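Engineer: First the structure, then my questions, so here it is.
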Amino acid sequence: MDKPNRQDVTKVLVVGGGLAGSEAAWRLAQSGFSVVLIDMKPEKFSPAHREPDLAELVCSNSLRSEDLLTGVGLLKWEMRFLGSLVLEAADKTRVPAGKALAVDRKLFARYITSKIETHPLISRKCYELTSLQDELLEQFSAIILAPGPLVSSSLAKELKDLSQGELYFYDAIAPIVSADSLDLSKMFWASRYAEGKKDYLNIPLTREDYLNFVNELKNAQKVIPKEFEKELHFEGCLPIEEMAKRGEMTLAFGPLKPVGLVDPKTQKQPFAVVQLRPENKAKTAFNLVGFQTKLTYPEQKRIFRMLPGLEQAEFLRLGSIHRNTFINAPRVLNSDLSLKVKPQIHLAGQITGVEGYVESAACGLMAGIIVSYKLQRKKFLPPPPETSLGALLHYLQIEQKNFQPSNIHFGLFPPLVKKLKKRERKQAYSKRAQQKFREWLEQIQ
Ligand SMILES: Cc1cc2nc3c(=O)[nH]c(=O)nc-3n(C[C@H](O)[C@H](O)[C@H](O)COP(=O)(O)OP(=O)(O)OC[C@H]3O[C@@H](n4cnc5c(N)ncnc54)[C@H](O)[C@@H]3O)c2cc1C
């Protein structure tokens, strides 16, 4: 297919026809804008893509839970109200999978491709976009880049320049646990070397606890890396099990070092300390510091729950290390997903730092809506942070020392006023989100 030329009556360029790009293109076309959607497939494939159709699910065929007591269940519920093409396709091509929404991946991708290709306002082009020259930008009123976690190298280079170097190629995600699942009687509040400051929760470990933990890590099952995911580790963010393998005391001199911390129960420095850092101001969720890992999910739960105080831990997010290209969104993006240095260009999907099929599609949907408001010169009212869509977008604006991609979970939502038990807490988050979402919908319609 040929490249767009100046005579085309196009308004918006969408680059990348994955989950985010397809959703964004569809939303814009449904709002009456003409769209050029460029995807390099089938001319060129990323190392994970295989099929010529758009919206390819590169790994699992599940869009995860439908349960409205989960962040991702709510996210899908909200997206359906906004006319999500990805969810329409999923509903039409679903396969039985209990509480999860799983699909026949071929039919799913075919459905979306056919909808896009037959839309009178969308023109699909198949080639790799290698640069964002001014000449190209001049042809479009707005641009949405949704080239995904395996963006081609030439476009990645452009993005690196546009983000002043704030583009990363691997994530290193540590698990997050919910605060009220912790046994605080086995922990103490303190900041290293800072008497009186109580920023971290600390789990003191005896020599026996520590050696047992190291031993479990050394023998644990790891996720097998994909072919294109070389065993490439950066010294600053090694997987915890890799550090354990380097030597018995490596962790005790690394992320589990006890220096500068005194256990108030014993008035002594423990043998080793696991630190938990609050994920939000309300301290409803905590990150296990330095626990980025390639262990399988069941192994993470089994081994991390052996630590004192984490026996009943509820994991809001589990750890991972992937090949994943993403930008430091809080530094690089405006709240409308546009680049601070070039507001005509918007980013969508996994490249923004959201993580997962549904989150990427949700981000594409929001990018489509935001751009259509902008092009109509109408003020866009963002979804409130109490909703799933709002919480996800809000996460991309929170400045962090070490910004890492996130999927949607209740730890990203503003805290509830009342302290509740696990099930009631989820119900309260869900009820509040649904109510706020309905109110927002009424306001924007
Ligand atoms: C190997 C792997 C496995 C994953 N497994 C899961 C999983 O099981 N479950 C889950 O929820 N999430 C998973 N993810 C994470 C993520 O949610 C998906 O990658 C998701 O598809 C991201 O959506 P996207 O639209 O942002 O990007 P993609 O769906 O990857 O779409 C990007 C599109 O852009 C195109 N493109 C790239 N560069 C260019 C260019 N220069 N010019 C033109 N086109 C270009 C690509 O061909 C592709 O079609 C996985 C990620 C990877 C890398």
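We name chains A, B, ... following the order of the structure tokens; residues begin at 1 in each chain, and ligands are numbered from 1 as shown.
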Please return as an NGL selection string: the residues of range 35-262 of chain A that backbone DSSP assigns to helix (DSSP H, G or I).

Structural biologist: :A and (71-81 or 85-92 or 105-118 or 134-138 or 153-162 or 179-181 or 184-186 or 207-219 or 235-237 or 240-246)

Engineer: Can you tell me, as a compact mmCIF listing (two decimals) with N, CA and C atoms, in the first residue's frame, what residues are no more than 12 Å from Leu238 in chain A when counting only C-alpha atoms, ignoring any on the same chain fewer than 3 positions away?

Structural biologist:
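Wrote part.txt, looks like this:
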# COMPACT_ATOMS: atom_id res chain seq x y z
N TYR A 170 13.79 -2.04 28.92
CA TYR A 170 13.42 -3.16 29.81
C TYR A 170 12.68 -2.59 31.00
N ASP A 171 11.68 -3.30 31.49
CA ASP A 171 11.11 -2.88 32.76
C ASP A 171 11.72 -3.74 33.86
N ALA A 172 11.60 -3.31 35.09
CA ALA A 172 12.10 -4.07 36.23
C ALA A 172 11.12 -3.81 37.36
N ILE A 173 10.11 -4.65 37.41
CA ILE A 173 8.95 -4.38 38.27
C ILE A 173 9.03 -5.20 39.55
N ALA A 174 8.91 -4.52 40.68
CA ALA A 174 8.89 -5.20 41.97
C ALA A 174 7.43 -5.40 42.39
N GLU A 231 19.39 -12.57 28.18
CA GLU A 231 19.61 -12.47 29.63
C GLU A 231 20.45 -11.23 29.89
N LEU A 232 19.80 -10.08 29.70
CA LEU A 232 20.54 -8.84 29.82
C LEU A 232 20.13 -8.17 31.13
N HIS A 233 21.07 -8.05 32.02
CA HIS A 233 20.74 -7.45 33.31
C HIS A 233 21.58 -6.21 33.55
N PHE A 234 20.95 -5.21 34.16
CA PHE A 234 21.68 -4.01 34.50
C PHE A 234 22.04 -4.11 35.96
N GLU A 235 23.26 -3.75 36.30
CA GLU A 235 23.71 -3.92 37.69
C GLU A 235 22.78 -3.20 38.66
N GLU A 241 16.58 -12.92 42.50
CA GLU A 241 17.10 -14.30 42.52
C GLU A 241 18.51 -14.37 41.93
N GLU A 242 18.80 -13.44 41.01
CA GLU A 242 20.13 -13.39 40.40
C GLU A 242 21.15 -12.92 41.45
N MET A 243 20.72 -11.94 42.25
CA MET A 243 21.61 -11.46 43.33
C MET A 243 21.84 -12.58 44.34
N ALA A 244 20.78 -13.34 44.64
CA ALA A 244 20.91 -14.43 45.61
C ALA A 244 21.93 -15.46 45.12
N LYS A 245 21.94 -15.68 43.81
CA LYS A 245 22.86 -16.68 43.24
C LYS A 245 24.31 -16.22 43.29
N ARG A 246 24.51 -14.90 43.31
CA ARG A 246 25.88 -14.38 43.27
C ARG A 246 26.65 -14.65 44.56
N THR A 250 25.19 -11.53 49.29
CA THR A 250 24.99 -10.43 48.33
C THR A 250 23.76 -9.58 48.66
N LEU A 251 22.66 -10.23 49.00
CA LEU A 251 21.45 -9.46 49.30
C LEU A 251 21.60 -8.67 50.61
N GLY A 254 23.16 -5.72 49.78
CA GLY A 254 22.42 -5.01 48.72
C GLY A 254 21.08 -4.52 49.25
N PRO A 255 19.99 -4.90 48.57
CA PRO A 255 18.67 -4.36 48.95
C PRO A 255 18.20 -4.76 50.35
N GLY A 290 13.58 -3.47 45.76
CA GLY A 290 14.66 -4.31 45.22
C GLY A 290 14.22 -5.71 44.84
N PHE A 291 12.91 -5.96 44.85
CA PHE A 291 12.42 -7.32 44.59
C PHE A 291 12.02 -7.52 43.12
N GLN A 292 12.58 -6.75 42.17
CA GLN A 292 12.30 -7.02 40.76
C GLN A 292 12.76 -8.45 40.48
N THR A 293 11.96 -9.17 39.70
CA THR A 293 12.23 -10.61 39.63
C THR A 293 11.70 -11.24 38.36
N LYS A 294 12.32 -12.37 38.01
CA LYS A 294 11.82 -13.15 36.88
C LYS A 294 11.25 -14.47 37.37
N SER A 320 8.22 -8.49 37.71
CA SER A 320 8.60 -8.99 36.38
C SER A 320 9.78 -8.21 35.83
N ILE A 321 10.40 -8.80 34.85
CA ILE A 321 11.42 -8.07 34.06
C ILE A 321 11.21 -8.50 32.61

Engineer: Name all residues at most 8 Å from Lys198 in chain A (count only C-alpha atoms; drop same-chain ones fewer than 6 positions away) and give them as a list of chain:residue names.

Structural biologist: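 Non-adjacent residues within range: A:Trp189, A:Ala190, A:Ser191.
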
Engineer: For those residues, write N, CA and C atoms to a file as a CSV table (one decimal), in the first residue's frame.

Structural biologist:
chain,number,residue,atom,x,y,z
A,189,TRP,N,8.4,0.8,61.5
A,189,TRP,CA,8.5,2.0,60.7
A,189,TRP,C,9.9,2.6,60.9
A,190,ALA,N,10.6,3.0,59.9
A,190,ALA,CA,11.8,3.7,60.0
A,190,ALA,C,12.4,4.0,58.7
A,191,SER,N,13.2,5.1,58.6
A,191,SER,CA,14.0,5.4,57.4
A,191,SER,C,15.5,5.2,57.8

Engineer: What parts of range 312-359 of chain A does DSSP call strand (DSSP E or B)? I'd like the answer as a CSV table (one decimal) with C-alpha atoms, in the first residue's frame.

Structural biologist:
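Result file follows (states31.csv):
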chain,number,residue,atom,x,y,z
A,315,PHE,CA,-0.3,-9.0,45.9
A,316,LEU,CA,-1.8,-6.1,43.9
A,317,ARG,CA,1.0,-6.6,41.3
A,320,SER,CA,8.6,-9.0,36.4
A,323,ARG,CA,11.8,-6.5,27.1
A,324,ASN,CA,9.5,-3.5,27.1
A,325,THR,CA,10.0,-0.1,25.5
A,326,PHE,CA,8.3,2.7,27.5
A,327,ILE,CA,8.8,6.4,28.2
A,333,LEU,CA,3.8,13.6,28.6
A,338,SER,CA,0.7,14.6,24.2
A,339,LEU,CA,4.4,15.1,24.1
A,345,ILE,CA,2.0,14.2,18.9
A,346,HIS,CA,0.3,11.9,21.4
A,347,LEU,CA,1.4,8.6,22.7
A,354,VAL,CA,0.6,1.2,31.0

Engineer: Out of A:Ala179, A:Ile203, A:Leu365, A:Val274, which residue has the shortest atom-to-atom distance to ligand 1 when counting only C-alpha atoms and all ligand atoms?

Structural biologist: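 For ligand 1, the nearest of the candidates is A:Leu365.
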
Engineer: Report, in Å with one decimal, the straight-line distance from CA of Asn407 in chain A to CA of Leu318 in chain A.

Structural biologist: 10.2 Å

Engineer: Suppose you want the space between CA of Ser60 in chain A and CA of Leu145 in chain A; what is it in Å?

Structural biologist: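 Interatomic distance here is 23.9 Å.
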
Engineer: Which residues are close to Leu261 in chain A, i.e. within 7 Å by only C-alpha atoms, leaving aside same-chain residues fewer than 3 positions away? Reply as a list in words.

Structural biologist: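 Selected residues are Arg192, Tyr193, Pro258 and Gln269 of chain A.
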
Engineer: Find the residue from A:Glu359, A:Glu88, A:Asp104, A:Glu117 that sits nearest to Leu54 in chain A; use only C-alpha atoms when measuring.

Structural biologist: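 With only C-alpha atoms as the atom set, the closest residue is A:Glu117.
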
Engineer: Pick from A:Gly319, A:Pro298, A:Gly364, A:Pro382: nearest to Ser335 in chain A, with only C-alpha atoms counted?

Structural biologist: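 Nearest to Ser335 in chain A: A:Pro382.
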
Engineer: So, with only C-alpha atoms and all ligand atoms as the atoms that count, which of A:Phe140, A:Phe169, A:Trp440, A:Tyr395 lies closest to ligand 1?

Structural biologist: A:Phe169

Engineer: Which of these residues is nearest to ligand 1, using only C-alpha atoms and all ligand atoms: A:Pro96, A:Pro42, A:Pro175, A:Gly349?

Structural biologist: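 Checking each candidate against ligand 1, we get A:Gly349 as the closest.
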
Engineer: Do you know which residues are at most 9 Å from Ala220 in chain A counting only C-alpha atoms, after dropping those on the same chain fewer than 4 positions away, and could you put them as a ChimeraX atom specification?

Structural biologist: /A:215-216,241,295-296,299-300,303

Engineer: CA of Ser123 in chain A to CA of Leu392 in chain A: how many Å, to one decimal?

Structural biologist: 29.6 Å

Engineer: So that I can check the surroundings of Ser22 in chain A, please list as a PyMOL selection string every protein, DNA and RNA residue that reaches within 10 Å of it, counting only C-alpha atoms and ignoring chain neighbours fewer than 3 positions away.

Structural biologist: chain A and resi 14-19+25-27+37+39+54-55+84-86+112-113+115-116+146+361+364-365+368

Engineer: Could those selected residues go to a file with C-alpha atoms, as a PDB file, in the first residue's frame?

Structural biologist:
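Result file follows (part_21.pdb):
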ATOM      1  CA  VAL A  14      -2.158   6.777  13.957  1.00  0.00           C
ATOM      2  CA  VAL A  15       1.072   4.780  13.985  1.00  0.00           C
ATOM      3  CA  GLY A  16       0.800   1.184  15.166  1.00  0.00           C
ATOM      4  CA  GLY A  17      -2.269  -0.968  14.626  1.00  0.00           C
ATOM      5  CA  GLY A  18      -2.016  -3.008  17.803  1.00  0.00           C
ATOM      6  CA  LEU A  19      -4.596  -2.867  20.564  1.00  0.00           C
ATOM      7  CA  ALA A  25      -8.211   4.946  15.047  1.00  0.00           C
ATOM      8  CA  TRP A  26     -11.689   3.468  15.458  1.00  0.00           C
ATOM      9  CA  ARG A  27     -12.742   6.017  18.069  1.00  0.00           C
ATOM     10  CA  LEU A  37      -3.447   4.044  10.259  1.00  0.00           C
ATOM     11  CA  ASP A  39       1.331  -0.508  10.730  1.00  0.00           C
ATOM     12  CA  LEU A  54      -4.097  -5.845  13.317  1.00  0.00           C
ATOM     13  CA  ALA A  55      -4.603  -6.098  17.101  1.00  0.00           C
ATOM     14  CA  SER A  84     -14.495   0.004  22.760  1.00  0.00           C
ATOM     15  CA  LEU A  85     -13.802  -1.881  19.523  1.00  0.00           C
ATOM     16  CA  VAL A  86     -11.414  -4.244  21.311  1.00  0.00           C
ATOM     17  CA  ILE A 112     -10.884  -5.800  14.358  1.00  0.00           C
ATOM     18  CA  THR A 113      -8.983  -5.755  11.072  1.00  0.00           C
ATOM     19  CA  LYS A 115     -13.883  -3.324  11.014  1.00  0.00           C
ATOM     20  CA  ILE A 116     -10.918  -1.023  10.484  1.00  0.00           C
ATOM     21  CA  ALA A 146       1.046   3.532  19.463  1.00  0.00           C
ATOM     22  CA  ALA A 361      -6.438  -0.712  24.556  1.00  0.00           C
ATOM     23  CA  GLY A 364      -5.701   3.981  22.970  1.00  0.00           C
ATOM     24  CA  LEU A 365      -9.395   4.555  23.535  1.00  0.00           C
ATOM     25  CA  GLY A 368      -8.793   8.725  20.546  1.00  0.00           C
TER      26      GLY A 368
END
